[in-house]
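Undergrad: Provided herewith: structure37.csv, CSV, C-alpha atoms and all ligand atoms.
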```csv
chain,number,residue,atom,x,y,z
Z,19,MET,CA,95.8,156.2,-105.5
Z,20,ASN,CA,92.9,156.0,-103.0
Z,21,VAL,CA,93.3,158.0,-99.9
Z,22,LEU,CA,92.9,155.9,-96.7
Z,23,ASN,CA,90.6,157.3,-94.0
Z,24,ALA,CA,91.4,157.0,-90.3
Z,25,LEU,CA,89.0,157.6,-87.5
Z,26,ILE,CA,91.1,158.3,-84.3
Z,27,VAL,CA,89.4,158.1,-80.9
Z,28,GLY,CA,91.4,160.1,-78.3
Z,29,LYS,CA,93.1,163.3,-79.1
Z,30,GLY,CA,95.9,163.1,-76.5
Z,31,ARG,CA,99.6,162.6,-77.0
Z,32,ILE,CA,99.4,159.3,-78.9
Z,33,GLY,CA,96.3,160.3,-80.9
Z,34,THR,CA,97.8,163.6,-82.0
Z,35,ALA,CA,101.2,162.0,-83.0
Z,36,LEU,CA,99.4,159.2,-84.8
Z,37,ALA,CA,97.4,161.7,-86.9
Z,38,SER,CA,100.6,163.4,-88.0
Z,39,ALA,CA,102.2,160.0,-88.8
Z,40,LEU,CA,99.2,158.9,-90.9
Z,41,GLN,CA,98.9,162.3,-92.7
Z,42,ALA,CA,102.6,162.1,-93.6
Z,43,ARG,CA,101.8,158.8,-95.3
Z,44,GLY,CA,98.9,160.4,-97.2
Z,45,TRP,CA,96.0,159.3,-95.0
Z,46,SER,CA,93.0,161.5,-94.3
Z,47,THR,CA,92.4,161.6,-90.5
Z,48,CYS,CA,89.5,162.7,-88.3
Z,49,PHE,CA,89.1,162.6,-84.5
Z,50,PHE,CA,86.2,161.3,-82.4
Z,51,ALA,CA,86.2,163.1,-79.1
Z,52,SER,CA,83.7,161.5,-76.8
Z,53,TRP,CA,81.2,158.7,-76.7
Z,54,LYS,CA,78.7,160.7,-74.6
Z,55,ASP,CA,75.6,161.4,-76.6
Z,56,ASN,CA,77.4,160.5,-79.8
Z,57,ALA,CA,77.1,156.7,-80.1
Z,58,PRO,CA,75.0,156.8,-83.4
Z,59,PHE,CA,77.6,159.3,-84.8
Z,60,PHE,CA,80.5,157.0,-83.9
Z,61,ARG,CA,78.9,154.1,-85.8
Z,62,VAL,CA,78.5,156.2,-88.9
Z,63,ALA,CA,82.0,157.6,-88.6
Z,64,ALA,CA,83.5,154.2,-88.0
Z,65,SER,CA,81.7,152.7,-91.1
Z,66,ARG,CA,83.2,155.5,-93.2
Z,67,ALA,CA,86.8,154.9,-92.1
Z,68,ASP,CA,89.2,152.3,-93.5
Z,69,VAL,CA,90.7,151.8,-90.0
Z,70,VAL,CA,89.6,152.9,-86.6
Z,71,PHE,CA,92.4,153.8,-84.1
Z,72,LEU,CA,91.9,153.7,-80.4
Z,73,ALA,CA,94.2,156.0,-78.3
Z,74,ILE,CA,92.2,156.7,-75.2
Z,75,SER,CA,93.4,156.6,-71.6
Z,76,THR,CA,92.0,153.9,-69.3
Z,77,ARG,CA,89.7,155.8,-66.9
Z,78,ASP,CA,87.5,152.8,-66.1
Z,79,ASP,CA,88.5,149.1,-66.3
Z,80,GLY,CA,88.6,149.2,-70.1
Z,81,ALA,CA,84.8,149.1,-70.6
Z,82,ALA,CA,84.8,152.3,-72.7
Z,83,ALA,CA,87.6,151.0,-74.9
Z,84,SER,CA,85.9,147.6,-75.3
Z,85,THR,CA,82.7,149.4,-76.4
Z,86,TYR,CA,84.6,151.4,-79.1
Z,87,LEU,CA,86.3,148.2,-80.3
Z,88,LEU,CA,83.1,146.2,-80.6
Z,89,GLU,CA,81.2,149.0,-82.2
Z,90,ALA,CA,83.9,149.5,-84.9
Z,91,LEU,CA,84.1,145.8,-85.5
Z,92,ARG,CA,80.3,145.6,-85.8
Z,93,ALA,CA,80.6,148.4,-88.4
Z,94,GLY,CA,82.9,145.9,-90.3
Z,95,ARG,CA,86.1,148.0,-89.7
Z,96,PRO,CA,89.5,146.8,-88.4
Z,97,VAL,CA,90.6,148.5,-85.2
Z,98,VAL,CA,94.1,149.3,-84.0
Z,99,THR,CA,94.5,150.0,-80.2
Z,100,CYS,CA,97.1,151.0,-77.7
Z,101,GLU,CA,94.7,151.0,-74.8
Z,102,LYS,CA,95.3,148.1,-72.3
Z,103,GLY,CA,92.1,147.8,-70.2
Z,104,ALA,CA,89.9,146.2,-72.9
Z,105,LEU,CA,92.3,143.3,-73.7
Z,106,ALA,CA,93.1,142.8,-70.1
Z,107,ASN,CA,89.6,142.9,-68.7
Z,108,TYR,CA,87.2,142.1,-71.6
Z,109,PHE,CA,89.3,139.5,-73.4
Z,110,GLU,CA,86.5,136.9,-73.7
Z,111,ASP,CA,84.2,139.4,-75.6
Z,112,LEU,CA,87.1,140.4,-77.9
Z,113,GLU,CA,88.7,137.0,-78.5
Z,114,PRO,CA,86.5,136.0,-81.5
Z,115,TYR,CA,87.6,139.3,-83.3
Z,116,LEU,CA,91.3,139.1,-82.6
Z,117,PRO,CA,92.2,138.8,-86.3
Z,118,TYR,CA,90.6,142.2,-86.9
Z,119,ILE,CA,92.3,144.0,-84.0
Z,120,GLY,CA,95.8,145.4,-84.0
Z,121,PHE,CA,97.0,145.3,-80.4
Z,122,THR,CA,100.8,145.1,-80.8
Z,123,ALA,CA,101.1,148.5,-79.1
Z,124,THR,CA,99.3,147.4,-75.9
Z,125,VAL,CA,102.4,145.5,-74.6
Z,126,GLY,CA,106.0,146.7,-75.2
Z,127,GLY,CA,105.2,149.5,-77.6
Z,128,GLY,CA,107.7,149.3,-80.4
Z,129,SER,CA,109.4,146.1,-79.3
Z,130,GLU,CA,106.4,143.9,-80.5
Z,131,LEU,CA,106.8,141.5,-77.6
Z,132,LEU,CA,103.4,139.9,-78.1
Z,133,SER,CA,104.6,138.3,-81.4
Z,134,LEU,CA,106.6,135.9,-79.2
Z,135,VAL,CA,103.6,134.5,-77.3
Z,136,ARG,CA,101.1,134.5,-80.2
Z,137,ARG,CA,102.6,131.4,-81.7
Z,138,PRO,CA,101.7,128.0,-80.2
Z,139,LEU,CA,103.6,127.6,-76.9
Z,140,LYS,CA,104.0,123.9,-76.6
Z,141,ARG,CA,106.2,122.6,-73.8
Z,142,LEU,CA,106.4,126.0,-72.2
Z,143,VAL,CA,108.7,126.2,-69.2
Z,144,SER,CA,108.4,129.9,-68.4
Z,145,ILE,CA,107.8,133.4,-69.7
Z,146,ARG,CA,109.8,136.2,-68.2
Z,147,GLY,CA,109.9,139.8,-69.1
Z,148,VAL,CA,110.3,143.5,-68.5
Z,149,VAL,CA,106.9,144.8,-69.7
Z,150,ASN,CA,107.0,148.3,-68.2
Z,151,GLY,CA,109.6,150.4,-69.9
Z,152,THR,CA,109.0,153.4,-67.6
Z,153,LEU,CA,110.0,151.4,-64.5
Z,154,ASN,CA,113.0,150.1,-66.4
Z,155,PHE,CA,113.9,153.7,-67.3
Z,156,LEU,CA,113.6,154.8,-63.6
Z,157,PHE,CA,115.8,152.0,-62.3
Z,158,TRP,CA,118.3,152.4,-65.2
Z,159,GLN,CA,118.7,156.1,-64.6
Z,160,VAL,CA,119.1,155.7,-60.9
Z,161,ALA,CA,121.6,152.9,-61.5
Z,162,GLN,CA,123.6,155.4,-63.6
Z,163,GLY,CA,123.8,157.8,-60.6
Z,164,GLN,CA,120.7,160.0,-61.1
Z,165,ASP,CA,118.6,160.8,-58.0
Z,166,PRO,CA,115.0,159.3,-58.1
Z,167,TYR,CA,113.2,162.5,-58.5
Z,168,THR,CA,115.3,163.8,-61.4
Z,169,ALA,CA,114.9,160.3,-63.0
Z,170,LEU,CA,111.1,160.6,-62.6
Z,171,ARG,CA,111.1,164.1,-64.2
Z,172,ALA,CA,113.2,162.8,-67.1
Z,173,ALA,CA,110.7,160.0,-67.6
Z,174,GLN,CA,107.8,162.5,-67.6
Z,175,GLU,CA,109.6,164.8,-70.0
Z,176,ARG,CA,110.0,161.9,-72.4
Z,177,GLY,CA,106.2,161.2,-72.3
Z,178,LEU,CA,106.8,157.8,-70.7
Z,179,CYS,CA,104.6,158.1,-67.6
Z,180,GLU,CA,100.9,157.3,-67.3
Z,181,PRO,CA,99.0,160.6,-67.2
Z,182,GLY,CA,98.0,162.3,-64.0
Z,183,ALA,CA,100.7,161.2,-61.4
Z,184,GLN,CA,101.8,163.9,-59.0
Z,185,SER,CA,104.4,162.2,-56.9
Z,186,LEU,CA,107.0,159.4,-57.1
Z,187,ALA,CA,104.6,156.9,-55.3
Z,188,GLU,CA,101.7,157.8,-57.6
Z,189,ALA,CA,103.9,157.4,-60.7
Z,190,VAL,CA,105.4,154.1,-59.7
Z,191,ASN,CA,102.0,152.6,-58.6
Z,192,ALA,CA,100.4,153.8,-61.9
Z,193,GLU,CA,103.2,151.9,-63.7
Z,194,LEU,CA,102.7,148.8,-61.6
Z,195,HIS,CA,99.0,148.9,-62.5
Z,196,ASP,CA,100.0,149.3,-66.2
Z,197,ALA,CA,102.4,146.3,-65.8
Z,198,LEU,CA,99.5,144.3,-64.3
Z,199,LEU,CA,97.2,145.0,-67.3
Z,200,LYS,CA,100.0,144.1,-69.7
Z,201,SER,CA,100.7,140.8,-67.8
Z,202,ALA,CA,97.0,139.9,-68.1
Z,203,ILE,CA,97.2,140.6,-71.8
Z,204,VAL,CA,100.4,138.5,-72.2
Z,205,TRP,CA,98.6,135.6,-70.4
Z,206,ASN,CA,95.4,136.1,-72.4
Z,207,VAL,CA,97.1,136.2,-75.8
Z,208,ALA,CA,99.4,133.2,-74.9
Z,209,GLY,CA,96.2,131.2,-74.3
Z,210,LEU,CA,97.7,128.9,-71.6
Z,211,GLY,CA,94.4,128.8,-69.8
Z,212,SER,CA,91.1,130.7,-69.3
Z,213,PRO,CA,91.5,134.5,-69.5
Z,214,LEU,CA,92.6,136.5,-66.5
Z,215,ALA,CA,91.4,140.0,-65.6
Z,216,SER,CA,92.6,142.6,-63.1
Z,217,VAL,CA,90.2,141.4,-60.4
Z,218,ASP,CA,91.9,138.0,-60.5
Z,219,PHE,CA,95.2,139.4,-59.2
Z,220,SER,CA,96.2,140.2,-55.7
Z,221,TYR,CA,98.6,143.1,-55.5
Z,222,SER,CA,100.3,145.5,-53.1
Z,223,ILE,CA,100.5,149.3,-53.4
Z,224,LEU,CA,104.0,150.7,-52.6
Z,225,ALA,CA,104.6,153.7,-50.3
Z,226,GLU,CA,107.4,156.3,-51.2
Z,227,PRO,CA,109.9,155.0,-48.6
Z,228,GLU,CA,109.5,151.4,-50.0
Z,229,ILE,CA,110.1,152.7,-53.5
Z,230,LEU,CA,113.2,154.7,-52.4
Z,231,ARG,CA,114.5,151.5,-50.7
Z,232,LEU,CA,114.1,149.5,-53.9
Z,233,LEU,CA,115.7,152.3,-55.9
Z,234,ARG,CA,118.8,152.2,-53.6
Z,235,LYS,CA,119.4,148.8,-55.1
Z,236,ALA,CA,118.7,149.9,-58.7
Z,237,ALA,CA,121.9,148.4,-60.1
Z,238,THR,CA,120.7,144.9,-59.3
Z,239,THR,CA,116.9,145.2,-59.2
Z,240,ARG,CA,114.2,145.2,-62.0
Z,241,PHE,CA,110.5,144.8,-62.1
Z,242,VAL,CA,109.9,141.4,-63.9
Z,243,LEU,CA,106.8,139.6,-65.1
Z,244,THR,CA,107.1,135.8,-64.6
Z,245,ILE,CA,104.7,133.1,-65.8
Z,246,HIS,CA,105.6,129.6,-64.5
Z,247,PRO,CA,103.9,126.4,-63.3
Z,248,THR,CA,102.4,126.6,-59.8
Z,249,THR,CA,104.3,123.4,-59.0
Z,250,GLU,CA,107.6,125.3,-59.1
Z,251,HIS,CA,108.5,127.0,-55.9
Z,252,HIS,CA,109.6,130.6,-56.3
Z,253,TRP,CA,110.7,132.9,-53.6
Z,254,PHE,CA,108.5,136.0,-53.6
Z,255,GLU,CA,110.4,139.3,-53.8
Z,256,PHE,CA,109.1,142.6,-52.7
Z,257,GLY,CA,106.0,144.5,-54.0
Z,258,GLY,CA,103.9,143.7,-57.1
Z,259,PHE,CA,101.0,141.3,-58.1
Z,260,MET,CA,100.2,137.7,-58.5
Z,261,ALA,CA,97.4,135.4,-59.9
Z,262,ARG,CA,97.0,131.6,-60.2
Z,263,ARG,CA,95.2,130.1,-63.2
Z,264,ASP,CA,95.0,126.5,-64.6
Z,265,GLY,CA,98.2,125.3,-63.1
Z,266,TRP,CA,100.2,128.5,-63.8
Z,267,MET,CA,101.3,131.4,-61.7
Z,268,VAL,CA,101.4,134.9,-63.3
Z,269,ARG,CA,103.4,137.4,-61.1
Z,270,GLY,CA,105.1,140.7,-61.3
Z,271,ASP,CA,107.6,141.7,-58.7
Z,272,PHE,CA,110.9,143.5,-58.1
Z,273,VAL,CA,113.5,140.8,-58.4
Z,274,SER,CA,117.2,141.0,-57.7
Z,275,ARG,CA,119.9,139.9,-60.1
Z,276,ASN,CA,120.7,136.4,-58.9
Z,277,ASP,CA,120.2,134.2,-62.0
Z,278,ASP,CA,122.6,134.4,-64.9
Z,279,GLN,CA,120.0,133.1,-67.3
Z,280,TYR,CA,118.1,136.3,-67.0
Z,281,ASP,CA,121.0,138.7,-67.4
Z,282,ALA,CA,119.3,140.0,-70.6
Z,283,LEU,CA,116.5,141.5,-68.5
Z,284,PHE,CA,118.9,143.3,-66.2
Z,285,ASN,CA,121.0,144.8,-69.0
Z,286,LEU,CA,118.1,146.6,-70.8
Z,287,PRO,CA,118.9,150.3,-71.3
Z,288,LYS,CA,116.5,153.1,-70.6
Z,289,GLU,CA,112.8,152.4,-71.5
Z,290,HIS,CA,113.5,149.1,-73.2
Z,291,ASN,CA,111.3,146.1,-72.8
Z,292,ALA,CA,112.0,142.4,-73.3
Z,293,LEU,CA,110.3,139.0,-73.1
Z,294,ILE,CA,112.1,135.6,-72.8
Z,295,VAL,CA,110.1,132.4,-73.6
Z,296,LYS,CA,111.7,129.1,-72.5
Z,297,ARG,CA,110.4,125.8,-73.8
Z,298,ARG,CA,111.6,122.3,-73.0
Z,299,TRP,CA,114.2,121.1,-75.5
Z,300,TRP,CA,114.4,124.5,-77.2
Z,301,HIS,CA,116.7,127.4,-76.9
Z,302,ALA,CA,115.1,130.3,-75.1
Z,303,SER,CA,113.6,132.9,-77.4
Z,304,LEU,CA,114.1,136.6,-76.7
Z,305,ILE,CA,112.6,139.8,-78.1
Z,306,SER,CA,113.7,143.1,-76.8
Z,307,GLY,CA,113.5,146.7,-77.9
Z,308,ARG,CA,112.4,150.2,-77.1
Z,309,GLY,CA,109.0,150.0,-75.4
Z,310,ALA,CA,107.3,152.9,-73.8
Z,311,GLY,CA,107.2,156.3,-75.6
Z,312,ILE,CA,105.1,158.0,-78.2
Z,313,ALA,CA,107.2,157.4,-81.4
Z,314,PRO,CA,107.6,153.6,-81.0
Z,315,THR,CA,103.9,153.2,-80.0
Z,316,VAL,CA,102.7,155.2,-83.0
Z,317,GLY,CA,105.1,153.3,-85.3
Z,318,VAL,CA,103.7,149.9,-84.4
Z,319,MET,CA,100.1,151.2,-84.6
Z,320,VAL,CA,100.7,152.3,-88.2
Z,321,LYS,CA,102.4,148.9,-88.9
Z,322,ASP,CA,99.4,147.1,-87.5
Z,323,ALA,CA,97.0,149.1,-89.6
Z,324,TYR,CA,98.8,148.2,-92.9
Z,325,ARG,CA,98.9,144.5,-91.8
Z,326,LEU,CA,95.1,144.5,-91.1
Z,327,LEU,CA,94.3,146.3,-94.4
Z,328,LYS,CA,96.3,143.6,-96.2
Z,329,SER,CA,94.7,140.7,-94.5
Z,330,THR,CA,91.0,141.9,-94.3
Z,401,LIG,N1,102.2,157.5,-74.0
Z,401,LIG,C1,102.8,156.3,-74.2
Z,401,LIG,O1,104.0,156.1,-74.3
Z,401,LIG,C2,101.9,155.1,-74.4
Z,401,LIG,C3,102.5,153.9,-74.9
Z,401,LIG,C4,101.7,152.8,-75.1
Z,401,LIG,C5,100.4,152.8,-74.9
Z,401,LIG,N2,99.8,154.0,-74.4
Z,401,LIG,C6,98.4,154.1,-74.1
Z,401,LIG,O2,97.8,155.0,-75.1
Z,401,LIG,C7,96.7,155.6,-74.6
Z,401,LIG,C8,96.7,157.1,-74.8
Z,401,LIG,O3,97.9,157.6,-74.1
Z,401,LIG,P1,98.2,159.1,-74.2
Z,401,LIG,O4,99.6,159.2,-73.6
Z,401,LIG,O5,97.9,159.7,-75.5
Z,401,LIG,O6,97.2,159.7,-73.1
Z,401,LIG,P2,96.6,161.2,-73.0
Z,401,LIG,O7,97.5,162.2,-73.6
Z,401,LIG,O8,96.0,161.3,-71.6
Z,401,LIG,O9,95.3,161.1,-74.0
Z,401,LIG,C9,94.2,160.4,-73.8
Z,401,LIG,C10,93.0,160.9,-74.6
Z,401,LIG,O10,91.9,160.0,-74.5
Z,401,LIG,C11,90.8,160.8,-74.4
Z,401,LIG,N3,89.7,159.9,-73.8
Z,401,LIG,C12,89.7,159.3,-72.6
Z,401,LIG,N4,88.6,158.6,-72.4
Z,401,LIG,C13,87.9,158.8,-73.6
Z,401,LIG,C14,86.6,158.3,-74.0
Z,401,LIG,N5,85.9,157.4,-73.3
Z,401,LIG,N6,86.2,158.7,-75.3
Z,401,LIG,C15,86.9,159.5,-76.0
Z,401,LIG,N7,88.1,160.0,-75.7
Z,401,LIG,C16,88.6,159.6,-74.4
Z,401,LIG,C17,91.1,162.0,-73.5
Z,401,LIG,O11,90.2,163.0,-73.8
Z,401,LIG,P3,89.8,164.1,-72.7
Z,401,LIG,O12,91.1,164.4,-71.9
Z,401,LIG,O13,89.4,165.3,-73.5
Z,401,LIG,O14,88.7,163.5,-71.9
Z,401,LIG,C18,92.5,162.3,-74.1
Z,401,LIG,O15,92.4,163.1,-75.2
Z,401,LIG,C19,96.6,155.1,-73.1
Z,401,LIG,O16,95.7,154.1,-73.0
Z,401,LIG,C20,98.0,154.7,-72.8
Z,401,LIG,O17,98.0,153.7,-71.8
Z,401,LIG,C21,100.6,155.1,-74.2
```
Would you write out, as structure tokens, the structure that this file holds?
Ligand SMILES: NC(=O)c1ccc[n+]([C@@H]2O[C@H](COP(=O)([O-])OP(=O)(O)OC[C@H]3O[C@@H](n4cnc5c(N)ncnc54)[C@H](OP(=O)(O)O)[C@@H]3O)[C@@H](O)[C@H]2O)c1

TA:
Amino acid sequence: MNVLNALIVGKGRIGTALASALQARGWSTCFFASWKDNAPFFRVAASRADVVFLAISTRDDGAAASTYLLEALRAGRPVVTCEKGALANYFEDLEPYLPYIGFTATVGGGSELLSLVRRPLKRLVSIRGVVNGTLNFLFWQVAQGQDPYTALRAAQERGLCEPGAQSLAEAVNAELHDALLKSAIVWNVAGLGSPLASVDFSYSILAEPEILRLLRKAATTRFVLTIHPTTEHHWFEFGGFMARRDGWMVRGDFVSRNDDQYDALFNLPKEHNALIVKRRWWHASLISGRGAGIAPTVGVMVKDAYRLLKST
């Protein structure tokens, strides 16, 4: 049996766990550390791999990730990515190559939420979802009686938090930014209008006292993405982001439990994610599952790789 070769860009938590998971399946793996001064080497290494995997952090607006993706695709190789900036901010450049990109891990990790919006969304009424498992984990833990700082430490110990945050406010605002990128990806993949990027959103940054105030209502509050027609009036809740595009509004805010239809979003345990798609004359479709975290993310990246190898 032929050994499959993986080129992994990014030797962090995901990249390292991915290498172990692929090796356990008999793949040969090698890492690519940095683009700097190494662009010609990347092209050669990518062309020798069966699949290129992108597991880098987003230190810019996704430009670096977008360059890796396009270079690997130009080398004729399928790419699997868990980085969000590229699909959020460079969607127009990447859209022609979507059949060769595995991007399931960019939104909802192991729960594969994007499969719900990739199919044609005729007669769409709304999309609602919990797209940041880390915020869900924090609110869930505090609702179970844990204090906010212990809940944050537990999230960090589980590898759920975006890297680099030193305080509760930094951690929550980093997750809000992560939710904004994921919301742009959901919109872009759903294809309801022209692509959105981060710069198209207005958003507010939360201070620690505001976050603590929200966490005091943790039992009845969740951070929810909503996409609905702009003609519908919606009361804005506290904190988050918002963009209008082609007759639709895409917003993420902390909402309180006041609508029975969305009970599913308020009952999600720990770092689970969910998406609910409502269409006229159809029952609502729901996908939910464990989102954030290293194991589920690596699991769907490996699954994407086999799917791409089969179809390309
Ligand atoms: N952790 C999760 O649960 C999870 C879930 C879904 C998606 N993701 C996404 O997965 C990605 C990786 O997450 P992680 O937790 O593994 O982060 P991490 O531990 O911070 O690792 C990121 C790695 O990327 C490398 N890197 C950054 N920019 C690079 C560039 N331009 N070229 C080459 N390497 C570069 C870093 O190298 P240096 O530090 O040496 O510069 C580091 O080794 C992120 O985009 C994250 O949003 C994570």

Undergrad: Just want the residues within 7 Å of ligand LIG 401 (chain Z), written as a PyMOL selection string, counting only C-alpha atoms and all ligand atoms.

TA: chain Z and resi 27-33+50-53+73-77+82-83+100-102+123-124+127+177-181+310-312+315

Undergrad: Output the selection as a PDB file, in the coordinates of the input - C-alpha atoms for each residue.

TA:
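Writing done, so here's result.pdb:
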```pdb
ATOM      1  CA  VAL Z  27      89.400 158.100 -80.900  1.00  0.00           C
ATOM      2  CA  GLY Z  28      91.400 160.100 -78.300  1.00  0.00           C
ATOM      3  CA  LYS Z  29      93.100 163.300 -79.100  1.00  0.00           C
ATOM      4  CA  GLY Z  30      95.900 163.100 -76.500  1.00  0.00           C
ATOM      5  CA  ARG Z  31      99.600 162.600 -77.000  1.00  0.00           C
ATOM      6  CA  ILE Z  32      99.400 159.300 -78.900  1.00  0.00           C
ATOM      7  CA  GLY Z  33      96.300 160.300 -80.900  1.00  0.00           C
ATOM      8  CA  PHE Z  50      86.200 161.300 -82.400  1.00  0.00           C
ATOM      9  CA  ALA Z  51      86.200 163.100 -79.100  1.00  0.00           C
ATOM     10  CA  SER Z  52      83.700 161.500 -76.800  1.00  0.00           C
ATOM     11  CA  TRP Z  53      81.200 158.700 -76.700  1.00  0.00           C
ATOM     12  CA  ALA Z  73      94.200 156.000 -78.300  1.00  0.00           C
ATOM     13  CA  ILE Z  74      92.200 156.700 -75.200  1.00  0.00           C
ATOM     14  CA  SER Z  75      93.400 156.600 -71.600  1.00  0.00           C
ATOM     15  CA  THR Z  76      92.000 153.900 -69.300  1.00  0.00           C
ATOM     16  CA  ARG Z  77      89.700 155.800 -66.900  1.00  0.00           C
ATOM     17  CA  ALA Z  82      84.800 152.300 -72.700  1.00  0.00           C
ATOM     18  CA  ALA Z  83      87.600 151.000 -74.900  1.00  0.00           C
ATOM     19  CA  CYS Z 100      97.100 151.000 -77.700  1.00  0.00           C
ATOM     20  CA  GLU Z 101      94.700 151.000 -74.800  1.00  0.00           C
ATOM     21  CA  LYS Z 102      95.300 148.100 -72.300  1.00  0.00           C
ATOM     22  CA  ALA Z 123     101.100 148.500 -79.100  1.00  0.00           C
ATOM     23  CA  THR Z 124      99.300 147.400 -75.900  1.00  0.00           C
ATOM     24  CA  GLY Z 127     105.200 149.500 -77.600  1.00  0.00           C
ATOM     25  CA  GLY Z 177     106.200 161.200 -72.300  1.00  0.00           C
ATOM     26  CA  LEU Z 178     106.800 157.800 -70.700  1.00  0.00           C
ATOM     27  CA  CYS Z 179     104.600 158.100 -67.600  1.00  0.00           C
ATOM     28  CA  GLU Z 180     100.900 157.300 -67.300  1.00  0.00           C
ATOM     29  CA  PRO Z 181      99.000 160.600 -67.200  1.00  0.00           C
ATOM     30  CA  ALA Z 310     107.300 152.900 -73.800  1.00  0.00           C
ATOM     31  CA  GLY Z 311     107.200 156.300 -75.600  1.00  0.00           C
ATOM     32  CA  ILE Z 312     105.100 158.000 -78.200  1.00  0.00           C
ATOM     33  CA  THR Z 315     103.900 153.200 -80.000  1.00  0.00           C
TER      34      THR Z 315
END
```

Undergrad: Which residues of stretch 56-111 of chain Z have any atom within 7 Å of an atom in stretch 187-207 of chain Z when counting only C-alpha atoms, and what is the closest pair of atoms for each, with the distance in Å to one decimal? Order the rows by chain and rising number and write it as a Markdown table.

TA:
```
| residue | atom | partner | partner_atom | distance |
| --- | --- | --- | --- | --- |
| Z:Lys102 | CA | Z:Leu199 | CA | 6.2 |
| Z:Gly103 | CA | Z:Leu199 | CA | 6.5 |
| Z:Leu105 | CA | Z:Ile203 | CA | 5.9 |
| Z:Ala106 | CA | Z:Ile203 | CA | 5.0 |
```

Undergrad: Have a look at atom CA of Z:Ala173 and atom CA of Z:Asn107 and let me know their distance in Å, one decimal.

TA: 27.2 Å

Undergrad: Give me the residues within 12 Å of Z:Ser84 as a VMD selection string, counting all atoms listed in the file and dropping any in the same chain fewer than 3 places off.

TA: chain Z and resid 72 74 76 78 to 81 87 to 91 97 99 to 113 115 119

Undergrad: Could the residues in this selection be written to a file with C-alpha atoms, as a PDB file, in the coordinates of the input?

TA:
```pdb
ATOM      1  CA  LEU Z  72      91.900 153.700 -80.400  1.00  0.00           C
ATOM      2  CA  ILE Z  74      92.200 156.700 -75.200  1.00  0.00           C
ATOM      3  CA  THR Z  76      92.000 153.900 -69.300  1.00  0.00           C
ATOM      4  CA  ASP Z  78      87.500 152.800 -66.100  1.00  0.00           C
ATOM      5  CA  ASP Z  79      88.500 149.100 -66.300  1.00  0.00           C
ATOM      6  CA  GLY Z  80      88.600 149.200 -70.100  1.00  0.00           C
ATOM      7  CA  ALA Z  81      84.800 149.100 -70.600  1.00  0.00           C
ATOM      8  CA  LEU Z  87      86.300 148.200 -80.300  1.00  0.00           C
ATOM      9  CA  LEU Z  88      83.100 146.200 -80.600  1.00  0.00           C
ATOM     10  CA  GLU Z  89      81.200 149.000 -82.200  1.00  0.00           C
ATOM     11  CA  ALA Z  90      83.900 149.500 -84.900  1.00  0.00           C
ATOM     12  CA  LEU Z  91      84.100 145.800 -85.500  1.00  0.00           C
ATOM     13  CA  VAL Z  97      90.600 148.500 -85.200  1.00  0.00           C
ATOM     14  CA  THR Z  99      94.500 150.000 -80.200  1.00  0.00           C
ATOM     15  CA  CYS Z 100      97.100 151.000 -77.700  1.00  0.00           C
ATOM     16  CA  GLU Z 101      94.700 151.000 -74.800  1.00  0.00           C
ATOM     17  CA  LYS Z 102      95.300 148.100 -72.300  1.00  0.00           C
ATOM     18  CA  GLY Z 103      92.100 147.800 -70.200  1.00  0.00           C
ATOM     19  CA  ALA Z 104      89.900 146.200 -72.900  1.00  0.00           C
ATOM     20  CA  LEU Z 105      92.300 143.300 -73.700  1.00  0.00           C
ATOM     21  CA  ALA Z 106      93.100 142.800 -70.100  1.00  0.00           C
ATOM     22  CA  ASN Z 107      89.600 142.900 -68.700  1.00  0.00           C
ATOM     23  CA  TYR Z 108      87.200 142.100 -71.600  1.00  0.00           C
ATOM     24  CA  PHE Z 109      89.300 139.500 -73.400  1.00  0.00           C
ATOM     25  CA  GLU Z 110      86.500 136.900 -73.700  1.00  0.00           C
ATOM     26  CA  ASP Z 111      84.200 139.400 -75.600  1.00  0.00           C
ATOM     27  CA  LEU Z 112      87.100 140.400 -77.900  1.00  0.00           C
ATOM     28  CA  GLU Z 113      88.700 137.000 -78.500  1.00  0.00           C
ATOM     29  CA  TYR Z 115      87.600 139.300 -83.300  1.00  0.00           C
ATOM     30  CA  ILE Z 119      92.300 144.000 -84.000  1.00  0.00           C
TER      31      ILE Z 119
END
```

Undergrad: Place a sphere of radius 9 Å on (119.9, 154.9, -53.7) in the file coordinates and name every protein, DNA or RNA residue with an atom inside or on its surface, counting all atoms listed in the file; give the answer as a PyMOL selection string.

TA: chain Z and resi 160-161+163+165-166+230-236

Undergrad: Restrict the output to stretch 183-187 of chain Z and N, CA and C atoms, then write it as an mmCIF file, in the first residue's frame.

TA:
```cif
data_model
loop_
_atom_site.group_PDB
_atom_site.id
_atom_site.type_symbol
_atom_site.label_atom_id
_atom_site.label_comp_id
_atom_site.auth_asym_id
_atom_site.auth_seq_id
_atom_site.Cartn_x
_atom_site.Cartn_y
_atom_site.Cartn_z
ATOM 1 N N ALA Z 183 -4.027 34.965 25.320
ATOM 2 C CA ALA Z 183 -4.822 35.819 26.203
ATOM 3 C C ALA Z 183 -4.341 35.716 27.648
ATOM 4 N N GLN Z 184 -4.182 36.885 28.312
ATOM 5 C CA GLN Z 184 -3.667 36.912 29.690
ATOM 6 C C GLN Z 184 -4.760 37.138 30.732
ATOM 7 N N SER Z 185 -5.901 37.691 30.333
ATOM 8 C CA SER Z 185 -6.947 38.021 31.308
ATOM 9 C C SER Z 185 -8.307 37.557 30.779
ATOM 10 N N LEU Z 186 -9.327 37.640 31.658
ATOM 11 C CA LEU Z 186 -10.683 37.250 31.247
ATOM 12 C C LEU Z 186 -11.137 38.102 30.055
ATOM 13 N N ALA Z 187 -10.880 39.425 30.138
ATOM 14 C CA ALA Z 187 -11.336 40.319 29.052
ATOM 15 C C ALA Z 187 -10.617 39.977 27.749
#
```
